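K.L.:
My file is my_file_18.cif. It has mmCIF, C-alpha atoms:
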data_final
loop_
_atom_site.label_atom_id
_atom_site.label_comp_id
_atom_site.auth_asym_id
_atom_site.auth_seq_id
_atom_site.Cartn_x
_atom_site.Cartn_y
_atom_site.Cartn_z
CA MET A 56 21.38 24.54 -52.89
CA ILE A 57 21.41 21.32 -50.87
CA ILE A 58 24.63 22.39 -49.13
CA VAL A 59 23.09 25.74 -48.18
CA PHE A 60 20.02 23.98 -46.81
CA VAL A 61 22.15 21.55 -44.76
CA VAL A 62 24.27 24.40 -43.37
CA LEU A 63 21.13 26.34 -42.46
CA VAL A 64 19.58 23.34 -40.71
CA LEU A 65 22.77 22.66 -38.76
CA ALA A 66 23.03 26.32 -37.77
CA VAL A 67 19.47 26.36 -36.44
CA PHE A 68 19.97 23.00 -34.72
CA GLY A 69 23.22 24.20 -33.14
CA GLY A 70 21.64 27.47 -32.02
CA LEU A 71 18.76 25.66 -30.30
CA HIS A 72 21.16 23.36 -28.45
CA TRP A 73 23.29 26.34 -27.42
CA TYR A 74 20.14 27.88 -25.94
CA VAL A 75 19.39 24.63 -24.08
CA TRP A 76 22.99 24.54 -22.76
CA ARG A 77 22.82 28.16 -21.65
CA ARG A 78 19.56 27.76 -19.74
CA MET A 79 20.08 24.26 -18.38
CA VAL A 80 23.83 24.27 -17.68
CA ARG A 81 25.42 27.70 -17.57
CA ASP A 82 22.56 29.54 -15.83
CA THR A 83 21.98 26.80 -13.25
CA THR A 84 25.60 26.52 -12.08
CA ALA A 85 27.29 29.23 -10.01
CA ARG A 86 30.76 28.59 -11.38
CA PRO A 87 32.69 26.14 -13.58
CA GLY A 88 32.96 22.73 -11.98
CA THR A 89 31.88 19.10 -12.20
CA ALA A 90 28.17 19.85 -12.62
CA ARG A 91 28.82 22.22 -15.52
CA ARG A 92 31.18 19.75 -17.22
CA VAL A 93 28.65 16.89 -16.92
CA GLY A 94 25.83 19.08 -18.22
CA THR A 95 27.91 20.25 -21.16
CA ALA A 96 28.81 16.65 -22.01
CA LEU A 97 25.11 15.70 -22.07
CA VAL A 98 24.07 18.61 -24.27
CA VAL A 99 26.91 17.98 -26.70
CA GLY A 100 26.80 14.17 -26.62
CA GLY A 101 23.02 13.87 -27.01
CA PRO A 102 22.76 15.31 -30.53
CA LEU A 103 25.90 13.45 -31.62
CA LEU A 104 24.30 10.16 -30.55
CA MET A 105 21.10 11.14 -32.34
CA PHE A 106 22.85 11.78 -35.66
CA ALA A 107 24.90 8.61 -35.18
CA ALA A 108 21.72 6.55 -34.63
CA ILE A 109 20.13 7.89 -37.82
CA ALA A 110 23.30 7.46 -39.86
CA SER A 111 23.92 3.91 -38.63
CA GLU A 112 20.36 2.87 -39.50
CA ARG A 113 20.38 4.42 -42.96
CA GLY A 114 23.99 3.41 -43.66
CA GLY A 115 23.53 -0.27 -42.86
CA ALA A 116 25.93 -0.38 -39.90
CA PRO A 117 26.23 -3.64 -37.95
CA PHE A 118 22.88 -4.30 -36.30
CA TRP A 119 24.36 -4.51 -32.80
CA LEU A 120 25.77 -0.99 -33.27
CA GLN A 121 22.39 0.29 -34.46
CA GLN A 122 20.79 -1.12 -31.31
CA VAL A 123 23.44 0.44 -29.05
CA LEU A 124 22.99 3.88 -30.60
CA ALA A 125 19.24 3.80 -31.14
CA TRP A 126 17.93 4.03 -27.58
CA PRO A 127 20.01 6.98 -26.29
CA GLY A 128 20.10 8.76 -29.66
CA PHE A 129 16.41 8.60 -30.45
CA LEU A 130 15.29 9.26 -26.89
CA TRP A 131 17.44 12.39 -26.90
CA MET A 132 15.60 13.45 -30.08
CA ALA A 133 12.28 13.38 -28.25
CA SER A 134 13.60 14.66 -24.91
CA SER A 135 15.38 17.67 -26.42
CA LEU A 136 12.17 18.68 -28.21
CA TYR A 137 10.14 18.84 -25.00
CA LEU A 138 13.04 20.28 -23.01
CA LEU A 139 13.23 23.11 -25.53
CA LEU A 140 9.47 23.69 -25.36
CA GLY A 141 9.60 23.68 -21.56
CA LEU A 142 12.39 26.26 -21.50
CA LEU A 143 10.51 28.50 -23.91
CA VAL A 144 7.50 28.40 -21.59
CA GLY A 145 9.93 29.15 -18.76
CA GLU A 146 10.89 32.43 -20.44
CA VAL A 147 7.38 33.64 -19.61
CA VAL A 148 7.47 32.31 -16.06
CA ARG A 149 10.98 33.57 -15.28
CA PRO A 150 10.24 37.34 -14.87
CA LEU A 151 7.09 36.60 -12.88
CA LEU A 152 9.02 34.41 -10.45
CA ARG A 153 11.70 37.06 -10.04
CA ARG A 154 9.07 39.66 -9.22
CA VAL A 155 7.52 37.46 -6.56
CA LEU A 156 10.91 36.86 -4.95
CA GLU A 157 11.75 40.56 -4.96
CA ARG A 158 8.53 41.40 -3.14
CA ARG A 159 9.08 38.69 -0.53
CA SER A 160 12.69 39.73 0.10
CA THR A 161 11.89 43.44 0.82
CA PRO A 162 10.58 43.63 4.45
CA ALA A 163 8.54 46.58 5.76
CA VAL A 164 10.38 48.53 8.55
CA GLU A 165 8.13 49.38 11.51
CA PRO A 166 9.03 50.98 14.91
CA VAL A 167 8.80 48.53 17.80
CA GLY A 168 7.78 49.50 21.40
CA VAL A 169 7.68 53.31 20.89
CA ARG A 170 4.59 55.36 21.80
CA GLU A 171 3.56 58.21 19.56
CA ASP A 172 3.46 60.65 22.57
CA ALA A 173 6.80 59.55 24.00
CA PRO A 174 9.62 62.15 24.02
CA VAL A 175 12.11 61.67 21.25
CA ARG A 176 15.73 61.37 22.29
CA THR A 177 18.36 62.42 19.84
CA ARG A 178 21.94 61.45 19.84
CA VAL A 179 24.35 64.34 20.51
CA PRO A 180 26.73 64.97 17.61
CA ASP A 181 30.39 64.19 18.26
CA LEU A 182 31.57 67.85 18.13
CA GLU A 183 29.07 68.96 20.77
CA ALA A 184 30.01 66.02 22.97
CA GLU A 185 33.68 67.05 22.80
CA SER A 186 32.80 70.65 23.75
CA THR A 187 30.67 69.52 26.69
CA SER A 188 33.36 67.20 27.97
CA GLN A 189 35.93 70.04 27.91
CA THR A 190 33.58 72.41 29.81
CA GLU A 191 32.72 69.83 32.49
CA SER A 192 36.21 68.36 32.86
CA SER A 193 36.58 70.02 36.31
CA SER A 194 33.50 68.34 37.71
CA GLY A 195 34.32 64.67 38.41
CA ALA A 196 30.88 63.86 39.67
CA GLY A 197 29.28 65.30 36.56
CA ALA A 198 31.62 63.31 34.33
CA GLU A 199 30.88 60.09 36.25
CA ALA A 200 27.16 60.77 35.98
CA GLY A 201 27.58 61.38 32.27
CA ALA A 202 29.49 58.12 31.94
CA GLU A 203 26.77 56.21 33.77
CA THR A 204 24.13 57.80 31.54
CA GLY A 205 26.15 56.86 28.45
CA ALA A 206 26.54 53.31 29.72
CA GLY A 207 22.84 53.09 30.35
CA ALA A 208 22.12 54.24 26.78
CA GLU A 209 24.54 51.72 25.33
CA SER A 210 23.02 48.91 27.40
CA GLY A 211 19.65 49.32 25.66
CA ALA A 212 17.70 51.89 27.65
CA ASN A 213 17.66 54.08 24.58
CA PRO A 214 18.57 51.94 21.55
CA GLY A 215 19.95 53.59 18.47
CA PRO A 216 18.48 53.24 14.99
CA ALA A 217 17.56 49.61 14.11
CA GLU A 218 19.87 47.93 11.61
CA LYS A 219 18.23 47.16 8.22
CA PRO A 220 18.01 43.38 7.73
CA GLU A 221 19.66 41.79 4.69
CA PRO A 222 17.31 40.73 1.87
CA ALA A 223 16.51 37.01 1.72
CA ALA A 224 18.26 36.66 -1.63
CA THR A 225 20.71 38.99 -3.37
CA GLY A 226 20.61 39.66 -7.11
CA PRO A 227 22.98 36.93 -8.35
CA SER A 228 21.69 34.26 -5.97
CA ARG A 229 18.09 35.12 -6.89
CA ARG A 230 18.86 34.67 -10.59
CA LEU A 231 20.52 31.33 -9.88
CA PHE A 232 17.53 30.17 -7.85
CA VAL A 233 15.07 31.16 -10.60
CA SER A 234 17.17 29.44 -13.27
CA ARG A 235 17.28 26.24 -11.26
CA VAL A 236 13.54 26.25 -10.64
CA VAL A 237 12.70 26.86 -14.30
CA GLY A 238 15.33 24.42 -15.57
CA GLY A 239 14.28 21.72 -13.13
CA ALA A 240 10.62 22.11 -14.06
CA ALA A 241 11.43 21.94 -17.79
CA ALA A 242 13.56 18.82 -17.31
CA ALA A 243 10.89 17.12 -15.21
CA ALA A 244 8.20 17.93 -17.79
CA ALA A 245 10.36 16.61 -20.64
CA VAL A 246 11.25 13.37 -18.86
CA GLY A 247 7.65 12.80 -17.78
CA THR A 248 6.24 13.47 -21.25
CA VAL A 249 8.76 11.27 -23.06
CA GLY A 250 8.49 8.54 -20.43
CA TYR A 251 4.72 8.34 -20.70
CA GLY A 252 4.83 8.52 -24.50
CA THR A 253 7.38 5.73 -24.67
CA TYR A 254 5.35 3.53 -22.34
CA GLY A 255 2.35 4.05 -24.62
CA VAL A 256 4.27 2.66 -27.61
CA LEU A 257 5.98 -0.24 -25.86
CA ARG A 258 2.77 -1.58 -24.33
CA GLY A 259 1.41 -2.07 -27.85
CA PRO A 260 -1.30 -0.46 -30.00
CA LYS A 261 -4.94 -0.29 -29.00
CA VAL A 262 -7.85 -1.32 -31.20
CA LYS A 263 -9.91 1.38 -32.87
CA ARG A 264 -13.18 0.60 -34.67
CA VAL A 265 -14.63 2.58 -37.55
CA THR A 266 -17.76 1.93 -39.64
CA VAL A 267 -17.54 2.93 -43.31
CA PRO A 268 -20.69 2.78 -45.46
CA LEU A 269 -20.13 1.95 -49.15
CA ALA A 270 -22.88 2.56 -51.70
CA LYS A 271 -21.83 -0.28 -53.99
CA LEU A 272 -21.24 -2.88 -51.27
CA PRO A 273 -23.78 -5.72 -51.53
CA ARG A 274 -25.97 -6.64 -48.63
CA SER A 275 -24.11 -9.94 -48.19
CA ALA A 276 -20.93 -8.04 -47.23
CA HIS A 277 -22.57 -5.83 -44.60
CA GLY A 278 -20.42 -5.92 -41.46
CA TYR A 279 -17.27 -7.13 -43.27
CA ARG A 280 -14.25 -6.39 -41.04
CA ILE A 281 -10.81 -5.33 -42.28
CA ALA A 282 -8.01 -5.04 -39.71
CA VAL A 283 -5.77 -2.18 -40.86
CA VAL A 284 -2.23 -1.99 -39.52
CA SER A 285 0.45 0.42 -40.70
CA ASP A 286 3.82 1.81 -39.67
CA VAL A 287 4.93 -1.00 -37.38
CA HIS A 288 8.57 0.07 -37.93
CA LEU A 289 10.36 -3.03 -36.71
CA GLY A 290 13.99 -2.05 -36.26
CA PRO A 291 16.78 -1.55 -33.71
CA VAL A 292 14.29 -0.50 -31.01
CA LEU A 293 11.03 -2.29 -31.76
CA GLY A 294 11.81 -5.96 -32.32
CA ARG A 295 10.25 -9.42 -32.24
CA GLY A 296 8.46 -8.89 -28.93
CA PHE A 297 6.69 -5.84 -30.30
CA ALA A 298 5.75 -7.69 -33.50
CA GLN A 299 4.18 -10.42 -31.36
CA LYS A 300 2.05 -7.85 -29.53
CA VAL A 301 0.84 -6.45 -32.86
CA VAL A 302 -0.03 -9.90 -34.18
CA ASP A 303 -1.85 -10.90 -31.00
CA THR A 304 -3.86 -7.67 -31.04
CA ILE A 305 -4.89 -8.15 -34.67
CA ASN A 306 -5.89 -11.77 -34.15
CA SER A 307 -7.97 -10.83 -31.11
CA THR A 308 -10.28 -8.80 -33.36
CA GLN A 309 -11.09 -11.88 -35.51
CA PRO A 310 -11.08 -9.93 -38.79
CA ASP A 311 -12.30 -11.13 -42.17
CA LEU A 312 -9.23 -9.64 -43.84
CA ILE A 313 -5.93 -8.09 -42.70
CA ALA A 314 -4.35 -5.14 -44.53
CA VAL A 315 -0.72 -4.22 -43.78
CA VAL A 316 -0.34 -0.83 -45.46
CA GLY A 317 3.40 -0.19 -45.45
CA ASP A 318 6.38 0.81 -43.31
CA LEU A 319 6.58 -2.59 -41.71
CA VAL A 320 10.36 -2.40 -41.16
CA ASP A 321 13.40 -0.16 -40.77
CA GLY A 322 16.22 -2.46 -41.76
CA SER A 323 17.27 -5.38 -43.91
CA VAL A 324 15.80 -8.87 -44.06
CA LYS A 325 19.13 -10.14 -42.75
CA ASP A 326 18.84 -8.07 -39.56
CA LEU A 327 15.08 -8.08 -39.04
CA GLY A 328 13.94 -11.38 -40.52
CA PRO A 329 13.62 -12.97 -37.05
CA ALA A 330 11.77 -9.90 -35.71
CA ALA A 331 9.14 -10.20 -38.46
CA ALA A 332 8.63 -13.95 -37.94
CA PRO A 333 5.45 -13.57 -35.78
CA LEU A 334 3.62 -12.25 -38.86
CA ALA A 335 3.25 -15.88 -39.93
CA GLN A 336 0.70 -16.23 -37.10
CA LEU A 337 -1.76 -13.71 -38.58
CA LYS A 338 -5.22 -15.22 -39.03
CA ALA A 339 -8.10 -13.91 -41.11
CA ARG A 340 -10.90 -15.61 -43.04
CA HIS A 341 -9.85 -14.11 -46.39
CA GLY A 342 -6.12 -13.78 -45.72
CA SER A 343 -3.53 -11.05 -45.11
CA PHE A 344 -2.37 -8.52 -47.71
CA PHE A 345 0.62 -6.18 -47.88
CA VAL A 346 1.70 -3.06 -49.78
CA THR A 347 5.03 -1.27 -49.56
CA GLY A 348 5.68 1.96 -47.69
CA ASN A 349 8.50 4.44 -48.19
CA HIS A 350 10.64 2.77 -45.52
CA GLU A 351 10.59 -0.54 -47.37
CA TYR A 352 12.51 1.20 -50.16
CA PHE A 353 15.14 2.29 -47.63
CA SER A 354 15.41 -1.32 -46.44
CA GLY A 355 15.40 -3.42 -49.62
CA ALA A 356 11.83 -3.58 -50.92
CA GLU A 357 12.25 -6.59 -53.22
CA GLU A 358 13.71 -8.74 -50.44
CA TRP A 359 10.95 -7.72 -48.03
CA VAL A 360 8.20 -8.43 -50.55
CA ALA A 361 9.64 -11.92 -50.96
CA ARG A 362 9.95 -12.31 -47.18
CA VAL A 363 6.36 -11.34 -46.33
CA ARG A 364 5.16 -13.72 -49.04
CA GLU A 365 7.07 -16.51 -47.26
CA LEU A 366 5.33 -15.50 -44.02
CA GLY A 367 1.91 -16.01 -45.59
CA LEU A 368 1.00 -12.43 -46.58
CA ARG A 369 0.02 -11.64 -50.15
CA PRO A 370 1.81 -8.58 -51.60
CA LEU A 371 -0.29 -6.38 -53.87
CA GLU A 372 2.28 -4.74 -56.15
CA ASN A 373 0.11 -2.56 -58.36
CA ALA A 374 -2.32 -5.46 -58.43
CA ARG A 375 -5.94 -6.32 -57.70
CA THR A 376 -7.82 -9.35 -56.46
CA GLU A 377 -11.54 -9.85 -56.87
CA LEU A 378 -13.15 -11.03 -53.65
CA ALA A 379 -16.71 -12.30 -53.52
CA ASP A 380 -18.29 -8.94 -52.70
CA PHE A 381 -15.77 -6.25 -53.66
CA ASP A 382 -12.41 -5.65 -55.32
CA LEU A 383 -9.28 -5.32 -53.20
CA ALA A 384 -6.35 -3.53 -54.85
CA GLY A 385 -2.96 -2.27 -53.81
CA VAL A 386 -0.35 0.11 -55.23
CA ASN A 387 3.33 0.56 -54.48
CA ASP A 388 4.49 3.57 -52.49
CA VAL A 389 5.58 6.72 -54.29
CA ALA A 390 9.10 6.23 -52.91
CA GLY A 391 9.45 3.30 -55.32
CA GLU A 392 9.54 5.69 -58.27
CA ASP A 393 13.29 6.18 -57.81
CA GLU A 394 13.74 2.45 -58.38
CA GLY A 395 11.26 2.17 -61.23
CA GLN A 396 8.70 0.53 -58.89
CA GLY A 397 6.34 3.40 -58.21
CA PRO A 398 2.54 3.25 -58.03
CA ASP A 399 0.69 2.25 -61.20
CA PHE A 400 -3.04 2.89 -60.82
CA VAL A 401 -3.79 1.91 -64.40
CA LYS A 402 -2.22 -1.50 -63.92
CA ALA A 403 -4.03 -2.05 -60.63
CA LEU A 404 -7.43 -0.60 -61.55
CA GLY A 405 -7.62 0.17 -65.24
CA ASP A 406 -9.69 -2.78 -66.42
CA ARG A 407 -11.91 -3.36 -63.40
CA ASP A 408 -15.70 -3.40 -63.29
CA ARG A 409 -16.64 -0.06 -61.73
CA SER A 410 -20.06 -1.33 -60.72
CA ARG A 411 -18.33 -3.28 -57.94
CA ALA A 412 -17.11 -1.65 -54.72
CA CYS A 413 -13.35 -1.20 -54.56
CA VAL A 414 -11.05 -0.94 -51.53
CA LEU A 415 -7.49 0.23 -52.23
CA LEU A 416 -4.41 -0.20 -50.04
CA ALA A 417 -1.97 2.72 -50.51
CA HIS A 418 0.61 3.72 -47.92
CA GLN A 419 0.50 7.50 -48.29
CA PRO A 420 -2.67 9.62 -48.07
CA VAL A 421 -1.41 11.85 -50.93
CA GLN A 422 -2.36 9.06 -53.34
CA ILE A 423 -6.04 9.83 -52.72
CA HIS A 424 -6.32 12.05 -55.80
CA ASP A 425 -5.39 9.16 -58.11
CA SER A 426 -7.87 7.00 -56.23
CA VAL A 427 -10.64 9.52 -56.92
CA ASP A 428 -9.77 9.55 -60.62
CA HIS A 429 -9.99 5.75 -60.79
CA GLY A 430 -13.30 5.40 -58.98
CA VAL A 431 -12.01 3.86 -55.75
CA ASP A 432 -14.66 3.70 -53.01
CA LEU A 433 -12.31 3.47 -50.01
CA GLN A 434 -8.57 4.03 -49.67
CA LEU A 435 -6.77 2.65 -46.57
CA SER A 436 -3.50 4.41 -45.69
CA GLY A 437 -1.00 5.16 -42.94
CA HIS A 438 2.32 7.02 -43.13
CA THR A 439 1.46 10.11 -41.05
CA HIS A 440 1.70 8.56 -37.55
CA GLY A 441 -0.89 11.19 -36.65
CA GLY A 442 2.10 13.50 -36.19
CA GLN A 443 3.64 11.10 -33.57
CA LEU A 444 5.19 13.88 -31.44
CA TRP A 445 3.13 16.99 -30.71
CA PRO A 446 3.44 19.64 -32.15
CA GLY A 447 4.68 17.62 -35.14
CA ASN A 448 1.04 17.03 -36.02
CA LEU A 449 0.83 20.67 -37.17
CA ILE A 450 3.53 20.01 -39.79
CA ALA A 451 2.21 16.57 -40.78
CA ASP A 452 -1.27 18.01 -41.22
CA GLN A 453 0.02 20.49 -43.78
CA ALA A 454 1.92 17.79 -45.71
CA ASN A 455 -0.99 15.32 -45.99
CA PRO A 456 -4.58 15.70 -47.17
CA THR A 457 -5.76 13.79 -44.07
CA LEU A 458 -3.70 13.46 -40.90
CA ALA A 459 -5.73 10.66 -39.29
CA GLY A 460 -9.23 9.27 -39.36
CA LEU A 461 -11.94 9.12 -42.04
CA GLU A 462 -12.63 11.83 -44.63
CA ARG A 463 -14.46 11.99 -47.94
CA TYR A 464 -13.04 13.23 -51.26
CA GLY A 465 -15.83 13.29 -53.80
CA ASP A 466 -17.19 9.76 -54.07
CA THR A 467 -14.04 8.30 -52.47
CA GLN A 468 -13.48 7.90 -48.75
CA LEU A 469 -10.02 7.92 -47.18
CA TYR A 470 -9.15 6.32 -43.87
CA VAL A 471 -5.70 7.05 -42.38
CA SER A 472 -4.39 5.01 -39.45
CA ARG A 473 -1.99 6.56 -36.93
CA GLY A 474 0.05 3.36 -37.12
CA ALA A 475 1.05 0.69 -34.65
CA GLY A 476 4.68 1.60 -33.95
CA ALA A 477 6.93 4.64 -34.18
CA TRP A 478 9.86 5.84 -36.24
CA GLY A 479 12.94 7.17 -34.48
CA PRO A 480 11.99 7.72 -30.84
CA PRO A 481 9.78 4.85 -29.64
CA THR A 482 7.55 7.63 -28.33
CA ARG A 483 4.16 9.13 -29.14
CA VAL A 484 2.70 12.31 -27.69
CA GLY A 485 -0.81 13.34 -28.65
CA ALA A 486 -1.05 10.63 -31.32
CA PRO A 487 -1.68 7.22 -29.71
CA SER A 488 -0.88 4.14 -31.78
CA ASP A 489 -3.69 2.04 -33.14
CA ILE A 490 -4.80 -0.96 -35.12
CA THR A 491 -8.09 -0.10 -36.79
CA VAL A 492 -10.92 -2.49 -37.52
CA VAL A 493 -12.78 -0.99 -40.47
CA GLU A 494 -16.28 -2.42 -40.65
CA LEU A 495 -17.86 -2.04 -44.07
CA ALA A 496 -21.55 -1.21 -44.14
CA SER A 497 -23.86 -1.77 -47.10
CA ARG A 498 -26.34 0.98 -47.88
CA GLN A 499 -28.47 -1.69 -49.47
CA ALA A 500 -28.99 -3.43 -46.12
#
Translate this file's structure into structure tokens.

P.N.:
Amino acid sequence: MIIVFVVLVLAVFGGLHWYVWRRMVRDTTARPGTARRVGTALVVGGPLLMFAAIASERGGAPFWLQQVLAWPGFLWMASSLYLLLGLLVGEVVRPLLRRVLERRSTPAVEPVGVREDAPVRTRVPDLEAESTSQTESSSGAGAEAGAETGAGAESGANPGPAEKPEPAATGPSRRLFVSRVVGGAAAAAAVGTVGYGTYGVLRGPKVKRVTVPLAKLPRSAHGYRIAVVSDVHLGPVLGRGFAQKVVDTINSTQPDLIAVVGDLVDGSVKDLGPAAAPLAQLKARHGSFFVTGNHEYFSGAEEWVARVRELGLRPLENARTELADFDLAGVNDVAGEDEGQGPDFVKALGDRDRSRACVLLAHQPVQIHDSVDHGVDLQLSGHTHGGQLWPGNLIADQANPTLAGLERYGDTQLYVSRGAGAWGPPTRVGAPSDITVVELASRQA
């Protein structure tokens, strides 16, 4: 079954890239040559680099090789998506553009300099001319006069039928022109979209503020601020410099508590330990806390839990801590189940005092149903990236109970951050990155 699925995916993927090659390379070049060879190399090499970048990251290839493959491979992933969408839109524009060109290339033929009441001269057919010349061959003067009259007609006194001008563009050249216009527009749109989306990620996440009222929160905790950061995805593309931007942004909000809710890294402690070092600079009145995401289990979760503890963060592995005004708990990600380290809500919440407000850190929004069953007041999650690349949000929305933002499930509220970084392409379209300051509000105030 898995083999059939893989073959089907590869067939669809190959078919889409063949379509891109046809529209962007074959249809935009008049004949085989350098331009067609270069275009073919790009369309074939791009997906190969993309698969190589994914395989090198997941397979633990030397980190320098991951970095070399990551930028071109992952940027092709994003660029090919928007190039494909642009070409599909172009299929609608293409026939309209052809119709406009056909109308412009068919000129109206109008008589020039001829009055409606002027006598019409007709050209004598060749057979009649031969007969006349034989009859008048004995009259030299008549023949000379006829010759002069003929010369006068040829010189423009009585022009013959006007020649029909050539159309501005013939069929094949018109098709080539249309293909180049549509292909160029699609390429420009793809490059512009990916370029702007990449700039949005690399400049760092923006701060988002949300107020969440909790019925059980005491008046003394009104206005308590939790800085929520998820999905940083430090890896071959986003490194130490990006981590420093995230840390500086969090510290600028002066939070009471910092919650790192998973997918901090895409790689081993050996490769990314230096990139994560700025996390030691996080500052909050009641400390920084961490729970695992699914990508930690691809990267060596046990080693990363130990590493973040060394950096001053407190991991909550199916555990709870009782703060002065509410309980703070955390559960492992569901991806840990394959390693016997999955979420355990009973261990984290089973014996707690339910008269106290409880805030739970859980990477994936799908864990909300367990949170409802265990009387959690607020769950803080990430994982979705808000879809990251439109129209990926349509798929992510179907796979998660909440794509982004704050929603209520019974007596439990769920807040989902879009995340600070990006997986794969360092690009976001329609889902800007964020660090959220959740301000708790007491209904008793």

K.L.:
When you look at A:His438 with a cut-off of 10 Å (counting only C-alpha atoms), what residues show up, excluding the ones that are within fewer than 6 positions of it in the same chain? I need them as a JSON list (two decimals) with C-alpha atoms, in the frame of the given file.

P.N.:
[["chain", "number", "residue", "atom", "x", "y", "z"],
["A", 285, "SER", "CA", 0.45, 0.42, -40.70],
["A", 286, "ASP", "CA", 3.82, 1.81, -39.67],
["A", 316, "VAL", "CA", -0.34, -0.83, -45.46],
["A", 317, "GLY", "CA", 3.40, -0.19, -45.45],
["A", 318, "ASP", "CA", 6.38, 0.81, -43.31],
["A", 348, "GLY", "CA", 5.68, 1.96, -47.69],
["A", 349, "ASN", "CA", 8.50, 4.44, -48.19],
["A", 350, "HIS", "CA", 10.64, 2.77, -45.52],
["A", 417, "ALA", "CA", -1.97, 2.72, -50.51],
["A", 418, "HIS", "CA", 0.61, 3.72, -47.92],
["A", 419, "GLN", "CA", 0.50, 7.50, -48.29],
["A", 420, "PRO", "CA", -2.67, 9.62, -48.07],
["A", 421, "VAL", "CA", -1.41, 11.85, -50.93],
["A", 451, "ALA", "CA", 2.21, 16.57, -40.78],
["A", 455, "ASN", "CA", -0.99, 15.32, -45.99],
["A", 458, "LEU", "CA", -3.70, 13.46, -40.90],
["A", 459, "ALA", "CA", -5.73, 10.66, -39.29],
["A", 471, "VAL", "CA", -5.70, 7.05, -42.38],
["A", 472, "SER", "CA", -4.39, 5.01, -39.45],
["A", 473, "ARG", "CA", -1.99, 6.56, -36.93],
["A", 474, "GLY", "CA", 0.05, 3.36, -37.12]]

K.L.:
Could you name the residues that touch A:Trp119 at 12 Å or less, counting only C-alpha atoms, but leaving out those on the same chain fewer than 3 positions away, as a list in words?

P.N.:
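Near neighbours after the sequence-gap exclusion: Ala108, Ser111, Glu112, Gly115, Ala116, Gln122, Val123, Leu124, Ala125, Trp126, Gly290, Pro291, Val292, Asp326 and Leu327 of chain A.
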
K.L.:
Save out the residues we just selected, C-alpha atoms, as a PDB file, in the frame of the given file.

P.N.:
ATOM      1  CA  ALA A 108      21.720   6.550 -34.630  1.00  0.00           C
ATOM      2  CA  SER A 111      23.920   3.910 -38.630  1.00  0.00           C
ATOM      3  CA  GLU A 112      20.360   2.870 -39.500  1.00  0.00           C
ATOM      4  CA  GLY A 115      23.530  -0.270 -42.860  1.00  0.00           C
ATOM      5  CA  ALA A 116      25.930  -0.380 -39.900  1.00  0.00           C
ATOM      6  CA  GLN A 122      20.790  -1.120 -31.310  1.00  0.00           C
ATOM      7  CA  VAL A 123      23.440   0.440 -29.050  1.00  0.00           C
ATOM      8  CA  LEU A 124      22.990   3.880 -30.600  1.00  0.00           C
ATOM      9  CA  ALA A 125      19.240   3.800 -31.140  1.00  0.00           C
ATOM     10  CA  TRP A 126      17.930   4.030 -27.580  1.00  0.00           C
ATOM     11  CA  GLY A 290      13.990  -2.050 -36.260  1.00  0.00           C
ATOM     12  CA  PRO A 291      16.780  -1.550 -33.710  1.00  0.00           C
ATOM     13  CA  VAL A 292      14.290  -0.500 -31.010  1.00  0.00           C
ATOM     14  CA  ASP A 326      18.840  -8.070 -39.560  1.00  0.00           C
ATOM     15  CA  LEU A 327      15.080  -8.080 -39.040  1.00  0.00           C
TER      16      LEU A 327
END

K.L.:
Using the chain letters and residue numbers of this document, give as a short mmCIF file (atom, residue, chain, number, x, y, z; two decimals) with C-alpha atoms, in the coordinates of the input the residues selected by the PyMOL selection byres ((chain A and resi 359) around 12).

P.N.:
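Listed below is the output, out04.cif:
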data_model
loop_
_atom_site.label_atom_id
_atom_site.label_comp_id
_atom_site.auth_asym_id
_atom_site.auth_seq_id
_atom_site.Cartn_x
_atom_site.Cartn_y
_atom_site.Cartn_z
CA GLY A 317 3.40 -0.19 -45.45
CA ASP A 318 6.38 0.81 -43.31
CA LEU A 319 6.58 -2.59 -41.71
CA VAL A 320 10.36 -2.40 -41.16
CA ASP A 321 13.40 -0.16 -40.77
CA GLY A 322 16.22 -2.46 -41.76
CA SER A 323 17.27 -5.38 -43.91
CA VAL A 324 15.80 -8.87 -44.06
CA LYS A 325 19.13 -10.14 -42.75
CA ASP A 326 18.84 -8.07 -39.56
CA LEU A 327 15.08 -8.08 -39.04
CA GLY A 328 13.94 -11.38 -40.52
CA ALA A 331 9.14 -10.20 -38.46
CA PHE A 345 0.62 -6.18 -47.88
CA VAL A 346 1.70 -3.06 -49.78
CA THR A 347 5.03 -1.27 -49.56
CA GLY A 348 5.68 1.96 -47.69
CA HIS A 350 10.64 2.77 -45.52
CA GLU A 351 10.59 -0.54 -47.37
CA TYR A 352 12.51 1.20 -50.16
CA PHE A 353 15.14 2.29 -47.63
CA SER A 354 15.41 -1.32 -46.44
CA GLY A 355 15.40 -3.42 -49.62
CA ALA A 356 11.83 -3.58 -50.92
CA GLU A 357 12.25 -6.59 -53.22
CA GLU A 358 13.71 -8.74 -50.44
CA VAL A 360 8.20 -8.43 -50.55
CA ALA A 361 9.64 -11.92 -50.96
CA ARG A 362 9.95 -12.31 -47.18
CA VAL A 363 6.36 -11.34 -46.33
CA ARG A 364 5.16 -13.72 -49.04
CA GLU A 365 7.07 -16.51 -47.26
CA LEU A 366 5.33 -15.50 -44.02
CA LEU A 368 1.00 -12.43 -46.58
CA ARG A 369 0.02 -11.64 -50.15
CA PRO A 370 1.81 -8.58 -51.60
#

K.L.:
Nearest residue to A:Gly69 out of A:Ala298, A:Leu461, A:Val98, A:Ala454, using all atoms listed in the file?

P.N.:
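Going through A:Ala298, A:Leu461, A:Val98, A:Ala454 one by one, the smallest distance to A:Gly69 is for A:Val98.
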